[in-house]
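Student: Can you read through this structure? Questions will come right after.
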Protein chains: 2
Amino acid sequence: MVLDVWFTEKHEDMQGFSLRVNGILYSGQSKFQKIDVIDTEAFGRVLLLDGLVMTTEKDEFFYHEMISHIPLLAHPDPEKVLIVGGGDGGTIREVLRHPSVKEIILCEIDSDVIDVSRQYLPSIACKMDDPRVKIHIEDAVEYIKDKKNCFDAVLIDSTDPLGPGVGLFTEEFYTNVRNSLRENGVMSAQTESPIACQKEFKLINLLLNKVFPVVKPYFAPVPTYPGAYWSWTFCSESLQPVINNEKSAADLEKDSKYYNREIHKAVFAVPNYVKQLIASGEAVK
Amino acid sequence: MVLDVWFTEKHEDMQGFSLRVNGILYSGQSKFQKIDVIDTEAFGRVLLLDGLVMTTEKDEFFYHEMISHIPLLAHPDPEKVLIVGGGDGGTIREVLRHPSVKEIILCEIDSDVIDVSRQYLPSIACKMDDPRVKIHIEDAVEYIKDKKNCFDAVLIDSTDPLGPGVGLFTEEFYTNVRNSLRENGVMSAQTESPIACQKEFKLINLLLNKVFPVVKPYFAPVPTYPGAYWSWTFCSESLQPVINNEKSAADLEKDSKYYNREIHKAVFAVPNYVKQLIASGEAVK
């Protein structure tokens, strides 16, 4: 008989998501947060930060393809990319699939997340040693302050707006991100669930609209996140999040699990209740 | 202190979805299945059949808008509609928003589902007494057999392919549905989750492709279903699932919570792994 062990992530003490656990592979406390890796029947290995699912071997592709390919294909020729957070390495792996990219800076506050991911999530962390990648261990809130006209794309692959990630969801930080962009620069951030985290989604959209002229949320499933339906938001000074490099998009879609050019357009359709949420601030569940 | 009561729906004994329960409003055993209604903090009242979530007050709009508006707006002028299953009444409510509809036949096997929904889910069951609605208590597998050239639209609002719903997922049943359609007739069926129920999704698509010349799966979130990302499939002899009644679509989107014309197009974008799944039968999680 198999031992009946389950991990449960509760959301707002109202709903829960549970996974059958085959084993606990790592448990540690970093300077910033609790880090665990569990092995689950349904989603393979799962990285948890402060008890919340960050990424899993089986469904990480939704998230990492969405945060990378949408902004990078909206840029005609991205060369230098900043990833904020992203210590599991999944965003690095996807960004490196864009042949124009010459340099990636990963600015991650917690080196333990990187070390644990390298050891326990090799299919996700596999490209961290690529020579184009520079890993910088620092709070991105500080790192970004003096960067002007530096990056073609900034990808904010952060935790939720609590704990060490809270400073990444402020008008000041977004303004510094905007100032760090080169001409034609693009930004995408993970912006919480438009179902389970309506308040946070609305607030982040409000802040982004104060800072960027172009603000376009987009939506895709992430089965292991609260609500299982997630959002990212594309921002720029003037570029729209359409495909501005058709050849690169055609190449990328061949080996992507979620992304294709049809999906690129489709993810920007905004459900009616989300339009209302953005416009009025009223949460409709 | 609040009593710490939780409902959990387990999926394939590998993952679970839990809701905090304020109360159990109804529990009964019909001739066909166990029926329960619970009141939850996160999603309001929830209808359970054999312990599985069928619909909830707060997220039912995703499902009922998708199963109704996509096929009915692909038809230029639908008058007579058959709903298979759908005893909670949500699909009736949405179908009646189409002004061309003159008659709806609800063919539901279990009258207890209707009675319980009328009593406990008034916001969903609210239109069952409309004079255009005829309720027929019978197994749709039998009902459909002698219907030829009868309906402009058939909406298969069934449970999962187990228990009393199993006969609704067969080549014979789909063939009888096709024969029951008038010229320009359209069909939509709920076709399980392309994440959590990949085997079932693939099998149903395979069967539908044997029967209908046009088979187009479409996708949207349903937060309380396994995987939380669901599929329906549009089928017809020749009509494509585009908007064939622009005025009706423009009117409908004004008062819809999920549906709008952009969404109508977007839900037909097929993720790469789902294309592979349909083509090869290989389950990619």
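Chains: A, B, ... in order of the structure tokens. Residues: from 1 per chain. Ligands: from 1, in order shown.
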Any chance you could fit chain B onto chain A with least squares, all Cα atoms in order, and share the moved copy as a short mmCIF file (atom, residue, chain, number, x, y, z; two decimals) with C-alpha atoms, in the first residue's frame?
Tutor:
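Output below, filename superposed33.cif:
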```cif
data_model
loop_
_atom_site.label_atom_id
_atom_site.label_comp_id
_atom_site.auth_asym_id
_atom_site.auth_seq_id
_atom_site.Cartn_x
_atom_site.Cartn_y
_atom_site.Cartn_z
CA MET B 1 0.01 -0.03 0.00
CA VAL B 2 1.20 3.47 -0.87
CA LEU B 3 1.49 5.95 1.99
CA ASP B 4 -1.33 8.46 1.59
CA VAL B 5 0.63 11.73 1.68
CA TRP B 6 -0.78 14.96 0.23
CA PHE B 7 0.49 18.50 -0.15
CA THR B 8 -2.21 21.20 -0.03
CA GLU B 9 -1.87 24.84 -0.99
CA LYS B 10 -4.73 26.85 0.47
CA HIS B 11 -5.80 30.08 -1.16
CA GLU B 12 -7.37 32.77 1.02
CA ASP B 13 -8.46 30.00 3.41
CA MET B 14 -11.42 29.33 1.07
CA GLN B 15 -10.10 26.88 -1.49
CA GLY B 16 -7.27 24.40 -1.76
CA PHE B 17 -5.25 22.57 -4.38
CA SER B 18 -3.74 19.22 -3.40
CA LEU B 19 -1.16 16.93 -4.92
CA ARG B 20 -0.31 13.36 -3.93
CA VAL B 21 3.30 13.35 -2.72
CA ASN B 22 5.76 10.58 -3.48
CA GLY B 23 8.58 12.19 -1.53
CA ILE B 24 10.08 15.37 -0.09
CA LEU B 25 13.36 15.90 -1.91
CA TYR B 26 14.57 19.10 -0.28
CA SER B 27 13.53 21.35 2.59
CA GLY B 28 15.51 24.39 3.63
CA GLN B 29 15.24 27.92 4.94
CA SER B 30 17.14 30.55 2.93
CA LYS B 31 17.85 34.09 4.07
CA PHE B 32 14.53 35.09 2.46
CA GLN B 33 12.11 32.20 2.40
CA LYS B 34 11.31 28.55 2.98
CA ILE B 35 12.31 26.44 -0.03
CA ASP B 36 11.00 22.92 -0.65
CA VAL B 37 11.03 20.49 -3.53
CA ILE B 38 8.46 17.69 -3.50
CA ASP B 39 7.94 14.86 -5.95
CA THR B 40 4.30 14.48 -6.97
CA GLU B 41 2.35 11.88 -8.90
CA ALA B 42 0.45 14.41 -11.04
CA PHE B 43 3.03 17.11 -11.89
CA GLY B 44 6.46 15.58 -11.23
CA ARG B 45 8.82 17.66 -9.12
CA VAL B 46 7.38 20.84 -7.63
CA LEU B 47 9.31 23.87 -6.32
CA LEU B 48 7.62 25.53 -3.34
CA LEU B 49 8.56 28.93 -1.88
CA ASP B 50 6.99 29.65 1.50
CA GLY B 51 4.65 26.74 0.84
CA LEU B 52 3.31 28.06 -2.48
CA VAL B 53 3.77 26.28 -5.82
CA MET B 54 6.26 28.22 -7.97
CA THR B 55 6.79 25.76 -10.79
CA THR B 56 6.37 22.08 -11.62
CA GLU B 57 8.11 19.85 -14.11
CA LYS B 58 4.92 19.02 -16.02
CA ASP B 59 3.15 22.36 -16.34
CA GLU B 60 6.00 24.89 -16.29
CA PHE B 61 5.87 25.28 -20.05
CA PHE B 62 2.65 27.32 -19.98
CA TYR B 63 4.19 29.94 -17.71
CA HIS B 64 7.70 30.10 -19.17
CA GLU B 65 6.58 30.21 -22.80
CA MET B 66 4.08 32.97 -22.05
CA ILE B 67 6.43 35.23 -20.09
CA SER B 68 9.19 34.88 -22.72
CA HIS B 69 7.86 34.53 -26.25
CA ILE B 70 5.07 37.10 -26.22
CA PRO B 71 7.32 40.09 -25.37
CA LEU B 72 10.40 38.88 -27.26
CA LEU B 73 8.47 38.31 -30.49
CA ALA B 74 6.92 41.77 -30.17
CA HIS B 75 10.44 43.19 -30.33
CA PRO B 76 11.96 43.11 -33.82
CA ASP B 77 15.44 42.14 -32.62
CA PRO B 78 15.97 41.69 -28.85
CA GLU B 79 19.62 41.39 -27.84
CA LYS B 80 19.87 42.15 -24.13
CA VAL B 81 17.28 40.80 -21.70
CA LEU B 82 16.85 41.30 -17.95
CA ILE B 83 14.98 38.60 -16.03
CA VAL B 84 13.80 39.74 -12.59
CA GLY B 85 13.48 36.75 -10.26
CA GLY B 86 13.23 33.57 -12.32
CA GLY B 87 15.72 31.65 -10.17
CA ASP B 88 14.37 28.30 -11.37
CA GLY B 89 15.89 28.99 -14.80
CA GLY B 90 12.79 28.26 -16.92
CA THR B 91 12.60 31.75 -18.35
CA ILE B 92 16.33 31.68 -19.21
CA ARG B 93 15.78 28.42 -21.12
CA GLU B 94 12.96 29.93 -23.20
CA VAL B 95 14.68 33.31 -23.81
CA LEU B 96 17.76 31.51 -25.16
CA ARG B 97 15.60 30.00 -27.92
CA HIS B 98 15.52 33.48 -29.52
CA PRO B 99 18.60 33.61 -31.77
CA SER B 100 18.98 37.40 -31.60
CA VAL B 101 19.57 37.32 -27.82
CA LYS B 102 23.22 37.98 -26.95
CA GLU B 103 23.03 38.56 -23.21
CA ILE B 104 20.66 37.65 -20.38
CA ILE B 105 21.02 39.11 -16.90
CA LEU B 106 19.18 37.14 -14.24
CA CYS B 107 18.67 39.32 -11.19
CA GLU B 108 17.50 36.97 -8.43
CA ILE B 109 17.46 37.93 -4.76
CA ASP B 110 17.87 34.40 -3.41
CA SER B 111 20.85 32.31 -4.56
CA ASP B 112 19.43 29.28 -2.74
CA VAL B 113 16.53 29.15 -5.23
CA ILE B 114 19.08 28.87 -8.04
CA ASP B 115 21.16 26.23 -6.28
CA VAL B 116 18.12 24.12 -5.38
CA SER B 117 16.70 24.41 -8.91
CA ARG B 118 20.03 23.39 -10.48
CA GLN B 119 20.12 20.30 -8.30
CA TYR B 120 16.50 19.18 -8.31
CA LEU B 121 14.90 20.65 -11.46
CA PRO B 122 17.43 19.95 -14.23
CA SER B 123 14.84 20.08 -17.03
CA ILE B 124 13.99 23.65 -16.03
CA ALA B 125 17.37 24.97 -14.85
CA CYS B 126 19.29 23.34 -17.71
CA LYS B 127 20.48 26.51 -19.46
CA MET B 128 21.78 28.54 -16.52
CA ASP B 129 25.40 27.83 -17.48
CA ASP B 130 25.03 29.14 -21.02
CA PRO B 131 27.79 31.71 -21.70
CA ARG B 132 25.19 34.35 -22.63
CA VAL B 133 23.75 34.22 -19.09
CA LYS B 134 25.04 36.46 -16.26
CA ILE B 135 23.60 35.69 -12.85
CA HIS B 136 23.39 38.61 -10.48
CA ILE B 137 22.34 37.97 -6.87
CA GLU B 138 20.66 41.14 -5.70
CA ASP B 139 17.25 42.64 -4.97
CA ALA B 140 16.07 43.83 -8.39
CA VAL B 141 14.48 46.86 -6.71
CA GLU B 142 18.04 48.11 -6.02
CA TYR B 143 19.65 46.72 -9.15
CA ILE B 144 17.31 48.51 -11.57
CA LYS B 145 17.63 51.97 -9.98
CA ASP B 146 20.60 53.26 -11.98
CA LYS B 147 19.99 51.33 -15.21
CA LYS B 148 19.10 53.67 -18.05
CA ASN B 149 18.59 52.67 -21.66
CA CYS B 150 20.00 49.20 -20.99
CA PHE B 151 17.63 46.40 -22.00
CA ASP B 152 15.57 45.39 -25.00
CA ALA B 153 13.30 43.37 -22.75
CA VAL B 154 12.64 43.10 -19.02
CA LEU B 155 10.75 40.00 -17.86
CA ILE B 156 9.41 40.16 -14.32
CA ASP B 157 9.25 36.52 -13.29
CA SER B 158 8.47 37.20 -9.65
CA THR B 159 6.70 35.53 -6.76
CA ASP B 160 3.37 36.92 -5.53
CA PRO B 161 3.06 40.43 -4.06
CA LEU B 162 4.02 39.30 -0.56
CA GLY B 163 7.30 38.29 1.13
CA PRO B 164 10.52 39.12 -0.72
CA GLY B 165 8.63 39.95 -3.96
CA VAL B 166 6.51 42.81 -2.62
CA GLY B 167 8.77 45.64 -3.86
CA LEU B 168 8.39 44.37 -7.42
CA PHE B 169 4.75 45.48 -7.51
CA THR B 170 5.14 49.25 -7.04
CA GLU B 171 4.87 52.31 -9.26
CA GLU B 172 8.48 53.20 -8.43
CA PHE B 173 9.79 49.82 -9.55
CA TYR B 174 7.78 49.84 -12.78
CA THR B 175 9.03 53.39 -13.51
CA ASN B 176 12.62 52.23 -13.06
CA VAL B 177 11.93 49.29 -15.37
CA ARG B 178 10.57 51.67 -18.02
CA ASN B 179 13.68 53.86 -17.68
CA SER B 180 15.93 50.82 -18.05
CA LEU B 181 14.47 50.00 -21.48
CA ARG B 182 16.14 50.88 -24.75
CA GLU B 183 14.20 52.23 -27.72
CA ASN B 184 11.57 49.65 -28.74
CA GLY B 185 12.03 48.06 -25.33
CA VAL B 186 9.33 45.71 -24.04
CA MET B 187 8.36 44.44 -20.62
CA SER B 188 6.26 41.49 -19.46
CA ALA B 189 5.39 40.73 -15.87
CA GLN B 190 3.45 37.92 -14.24
CA THR B 191 0.37 39.70 -12.94
CA GLU B 192 -1.54 37.08 -10.90
CA SER B 193 -4.81 35.25 -11.57
CA PRO B 194 -7.79 37.12 -13.03
CA ILE B 195 -9.97 34.56 -11.24
CA ALA B 196 -8.42 33.79 -7.85
CA CYS B 197 -6.46 37.04 -7.31
CA GLN B 198 -8.75 39.70 -8.74
CA LYS B 199 -7.74 42.42 -6.27
CA GLU B 200 -4.04 41.97 -6.99
CA PHE B 201 -4.62 41.72 -10.75
CA LYS B 202 -6.59 44.95 -10.72
CA LEU B 203 -4.08 46.81 -8.55
CA ILE B 204 -1.10 45.80 -10.69
CA ASN B 205 -2.93 46.86 -13.86
CA LEU B 206 -3.72 50.20 -12.30
CA LEU B 207 -0.04 50.78 -11.45
CA LEU B 208 1.20 49.68 -14.86
CA ASN B 209 -1.24 52.05 -16.55
CA LYS B 210 0.27 54.95 -14.59
CA VAL B 211 3.73 54.13 -15.95
CA PHE B 212 3.45 52.71 -19.47
CA PRO B 213 1.55 54.06 -22.51
CA VAL B 214 0.90 50.51 -23.79
CA VAL B 215 -0.45 48.03 -21.19
CA LYS B 216 -1.94 44.76 -22.48
CA PRO B 217 -2.80 41.89 -20.13
CA TYR B 218 -2.79 38.40 -21.54
CA PHE B 219 -4.13 35.11 -20.26
CA ALA B 220 -3.33 31.40 -20.28
CA PRO B 221 -3.80 28.38 -18.05
CA VAL B 222 -1.28 27.41 -15.38
CA PRO B 223 -2.91 24.32 -13.86
CA THR B 224 -1.02 24.40 -10.55
CA TYR B 225 -1.53 28.10 -9.70
CA PRO B 226 -4.52 29.43 -7.72
CA GLY B 227 -7.47 29.75 -10.11
CA ALA B 228 -5.40 27.79 -12.66
CA TYR B 229 -5.94 30.65 -15.13
CA TRP B 230 -3.13 33.17 -15.02
CA SER B 231 -2.23 36.59 -16.38
CA TRP B 232 0.87 38.34 -17.57
CA THR B 233 0.93 41.92 -18.76
CA PHE B 234 2.86 43.29 -21.72
CA CYS B 235 4.02 46.91 -21.47
CA SER B 236 5.97 49.25 -23.72
CA GLU B 237 6.38 52.87 -24.74
CA SER B 238 4.80 52.33 -28.14
CA LEU B 239 5.16 48.79 -29.53
CA GLN B 240 2.02 46.68 -29.61
CA PRO B 241 2.32 43.00 -28.57
CA VAL B 242 1.86 41.65 -32.06
CA ILE B 243 4.39 39.41 -33.76
CA ASN B 244 7.09 41.74 -35.08
CA ASN B 245 9.42 38.94 -36.10
CA GLU B 246 7.42 36.44 -38.15
CA LYS B 247 10.37 34.16 -38.99
CA SER B 248 11.43 33.82 -35.38
CA ALA B 249 7.82 33.10 -34.36
CA ALA B 250 7.47 30.43 -37.04
CA ASP B 251 10.68 28.76 -35.85
CA LEU B 252 9.75 28.96 -32.18
CA GLU B 253 6.30 27.47 -32.56
CA LYS B 254 7.79 24.29 -34.01
CA ASP B 255 9.25 23.23 -30.67
CA SER B 256 6.89 24.92 -28.23
CA LYS B 257 4.37 23.04 -26.14
CA TYR B 258 1.84 25.84 -25.70
CA TYR B 259 2.93 28.72 -27.94
CA ASN B 260 2.01 29.12 -31.57
CA ARG B 261 1.12 32.17 -33.64
CA GLU B 262 -2.63 31.64 -33.26
CA ILE B 263 -2.17 31.44 -29.49
CA HIS B 264 -0.12 34.66 -29.60
CA LYS B 265 -3.20 36.52 -30.83
CA ALA B 266 -5.74 34.61 -28.75
CA VAL B 267 -4.16 35.22 -25.34
CA PHE B 268 -4.91 38.95 -25.63
CA ALA B 269 -8.71 38.46 -25.81
CA VAL B 270 -10.00 39.96 -22.57
CA PRO B 271 -13.10 38.31 -21.01
CA ASN B 272 -15.95 40.74 -20.32
CA TYR B 273 -15.75 40.44 -16.53
CA VAL B 274 -12.01 41.19 -16.67
CA LYS B 275 -12.67 44.32 -18.75
CA GLN B 276 -15.12 45.42 -16.07
CA LEU B 277 -12.64 44.58 -13.35
CA ILE B 278 -9.95 46.73 -14.98
CA ALA B 279 -12.38 49.58 -15.67
CA SER B 280 -14.33 49.68 -12.43
CA GLY B 281 -12.32 47.87 -9.83
CA GLU B 282 -15.30 45.74 -8.98
CA ALA B 283 -14.42 42.12 -8.29
CA VAL B 284 -16.75 39.73 -10.13
CA LYS B 285 -16.16 36.12 -9.28
#
```
Student: Apply DSSP to the structure's backbone, then extract all residues of stretch 27-116 of chain B labelled helix (DSSP H, G or I) and return them as a list in words.
Tutor: Glu60, Phe61, Phe62, Tyr63, His64, Glu65, Met66, Ile67, Ser68, His69, Ile70, Pro71, Leu72, Leu73, Ala74, Gly90, Thr91, Ile92, Arg93, Glu94, Val95, Ser111, Asp112, Val113, Ile114, Asp115 and Val116 of chain B
Student: Could you write those residues out with C-alpha atoms, as a PDB file, in the first residue's frame?
Tutor:
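Dumped everything to result-v2.pdb:
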```pdb
ATOM      1  CA  GLU B  60     -21.094  28.766 -13.922  1.00  0.00           C
ATOM      2  CA  PHE B  61     -21.044  31.606 -16.430  1.00  0.00           C
ATOM      3  CA  PHE B  62     -17.849  30.399 -18.122  1.00  0.00           C
ATOM      4  CA  TYR B  63     -19.373  27.012 -18.899  1.00  0.00           C
ATOM      5  CA  HIS B  64     -22.914  28.064 -19.792  1.00  0.00           C
ATOM      6  CA  GLU B  65     -21.878  30.964 -22.019  1.00  0.00           C
ATOM      7  CA  MET B  66     -19.390  28.782 -23.887  1.00  0.00           C
ATOM      8  CA  ILE B  67     -21.723  25.844 -24.536  1.00  0.00           C
ATOM      9  CA  SER B  68     -24.538  28.159 -25.719  1.00  0.00           C
ATOM     10  CA  HIS B  69     -23.275  31.246 -27.509  1.00  0.00           C
ATOM     11  CA  ILE B  70     -20.516  29.759 -29.641  1.00  0.00           C
ATOM     12  CA  PRO B  71     -22.788  27.308 -31.534  1.00  0.00           C
ATOM     13  CA  LEU B  72     -25.891  29.512 -31.581  1.00  0.00           C
ATOM     14  CA  LEU B  73     -24.022  32.496 -33.036  1.00  0.00           C
ATOM     15  CA  ALA B  74     -22.506  30.241 -35.703  1.00  0.00           C
ATOM     16  CA  GLY B  90     -27.938  27.253 -16.880  1.00  0.00           C
ATOM     17  CA  THR B  91     -27.813  26.389 -20.560  1.00  0.00           C
ATOM     18  CA  ILE B  92     -31.562  27.082 -20.917  1.00  0.00           C
ATOM     19  CA  ARG B  93     -31.011  30.537 -19.386  1.00  0.00           C
ATOM     20  CA  GLU B  94     -28.256  31.386 -21.887  1.00  0.00           C
ATOM     21  CA  VAL B  95     -30.029  29.899 -24.947  1.00  0.00           C
ATOM     22  CA  SER B 111     -35.765  14.751 -12.813  1.00  0.00           C
ATOM     23  CA  ASP B 112     -34.274  15.051  -9.325  1.00  0.00           C
ATOM     24  CA  VAL B 113     -31.429  17.179 -10.728  1.00  0.00           C
ATOM     25  CA  ILE B 114     -34.038  19.601 -12.082  1.00  0.00           C
ATOM     26  CA  ASP B 115     -36.042  19.677  -8.864  1.00  0.00           C
ATOM     27  CA  VAL B 116     -32.968  20.213  -6.688  1.00  0.00           C
TER      28      VAL B 116
END
```
Student: Run DSSP on the backbone and tell me which residues of stretch 61-221 of chain B come out as strand (DSSP E or B); list them as a PyMOL selection string.
Tutor: chain B and resi 80-85+103-108+133-137+151-157+181-190+214-221
Student: Those residues with C-alpha atoms, as a PDB file, in the first residue's frame please?
Tutor:
```
ATOM      1  CA  LYS B  80     -35.330  24.960 -32.213  1.00  0.00           C
ATOM      2  CA  VAL B  81     -32.670  23.799 -29.759  1.00  0.00           C
ATOM      3  CA  LEU B  82     -32.165  20.460 -27.996  1.00  0.00           C
ATOM      4  CA  ILE B  83     -30.221  20.487 -24.732  1.00  0.00           C
ATOM      5  CA  VAL B  84     -28.982  17.041 -23.688  1.00  0.00           C
ATOM      6  CA  GLY B  85     -28.581  16.888 -19.901  1.00  0.00           C
ATOM      7  CA  GLU B 103     -38.429  26.267 -28.687  1.00  0.00           C
ATOM      8  CA  ILE B 104     -35.990  24.517 -26.354  1.00  0.00           C
ATOM      9  CA  ILE B 105     -36.283  20.832 -25.514  1.00  0.00           C
ATOM     10  CA  LEU B 106     -34.370  19.840 -22.404  1.00  0.00           C
ATOM     11  CA  CYS B 107     -33.814  16.094 -22.423  1.00  0.00           C
ATOM     12  CA  GLU B 108     -32.557  15.226 -18.928  1.00  0.00           C
ATOM     13  CA  VAL B 133     -39.009  25.430 -22.745  1.00  0.00           C
ATOM     14  CA  LYS B 134     -40.259  21.817 -22.898  1.00  0.00           C
ATOM     15  CA  ILE B 135     -38.743  19.498 -20.325  1.00  0.00           C
ATOM     16  CA  HIS B 136     -38.513  15.878 -21.327  1.00  0.00           C
ATOM     17  CA  ILE B 137     -37.372  13.323 -18.731  1.00  0.00           C
ATOM     18  CA  PHE B 151     -33.093  20.784 -34.485  1.00  0.00           C
ATOM     19  CA  ASP B 152     -31.084  23.833 -35.448  1.00  0.00           C
ATOM     20  CA  ALA B 153     -28.746  23.203 -32.545  1.00  0.00           C
ATOM     21  CA  VAL B 154     -27.997  20.336 -30.177  1.00  0.00           C
ATOM     22  CA  LEU B 155     -26.054  21.216 -27.025  1.00  0.00           C
ATOM     23  CA  ILE B 156     -24.632  18.249 -25.130  1.00  0.00           C
ATOM     24  CA  ASP B 157     -24.416  19.534 -21.572  1.00  0.00           C
ATOM     25  CA  LEU B 181     -29.969  18.303 -37.179  1.00  0.00           C
ATOM     26  CA  ARG B 182     -31.718  20.434 -39.762  1.00  0.00           C
ATOM     27  CA  GLU B 183     -29.861  22.087 -42.623  1.00  0.00           C
ATOM     28  CA  ASN B 184     -27.222  24.448 -41.176  1.00  0.00           C
ATOM     29  CA  GLY B 185     -27.584  22.594 -37.892  1.00  0.00           C
ATOM     30  CA  VAL B 186     -24.828  22.938 -35.295  1.00  0.00           C
ATOM     31  CA  MET B 187     -23.769  20.904 -32.289  1.00  0.00           C
ATOM     32  CA  SER B 188     -21.614  21.696 -29.271  1.00  0.00           C
ATOM     33  CA  ALA B 189     -20.656  19.226 -26.580  1.00  0.00           C
ATOM     34  CA  GLN B 190     -18.655  19.556 -23.387  1.00  0.00           C
ATOM     35  CA  VAL B 214     -16.453  20.031 -39.237  1.00  0.00           C
ATOM     36  CA  VAL B 215     -15.021  19.374 -35.742  1.00  0.00           C
ATOM     37  CA  LYS B 216     -13.524  22.340 -33.855  1.00  0.00           C
ATOM     38  CA  PRO B 217     -12.577  22.105 -30.184  1.00  0.00           C
ATOM     39  CA  TYR B 218     -12.572  25.284 -28.158  1.00  0.00           C
ATOM     40  CA  PHE B 219     -11.170  26.171 -24.767  1.00  0.00           C
ATOM     41  CA  ALA B 220     -11.926  28.331 -21.747  1.00  0.00           C
ATOM     42  CA  PRO B 221     -11.378  28.285 -18.003  1.00  0.00           C
TER      43      PRO B 221
END
```
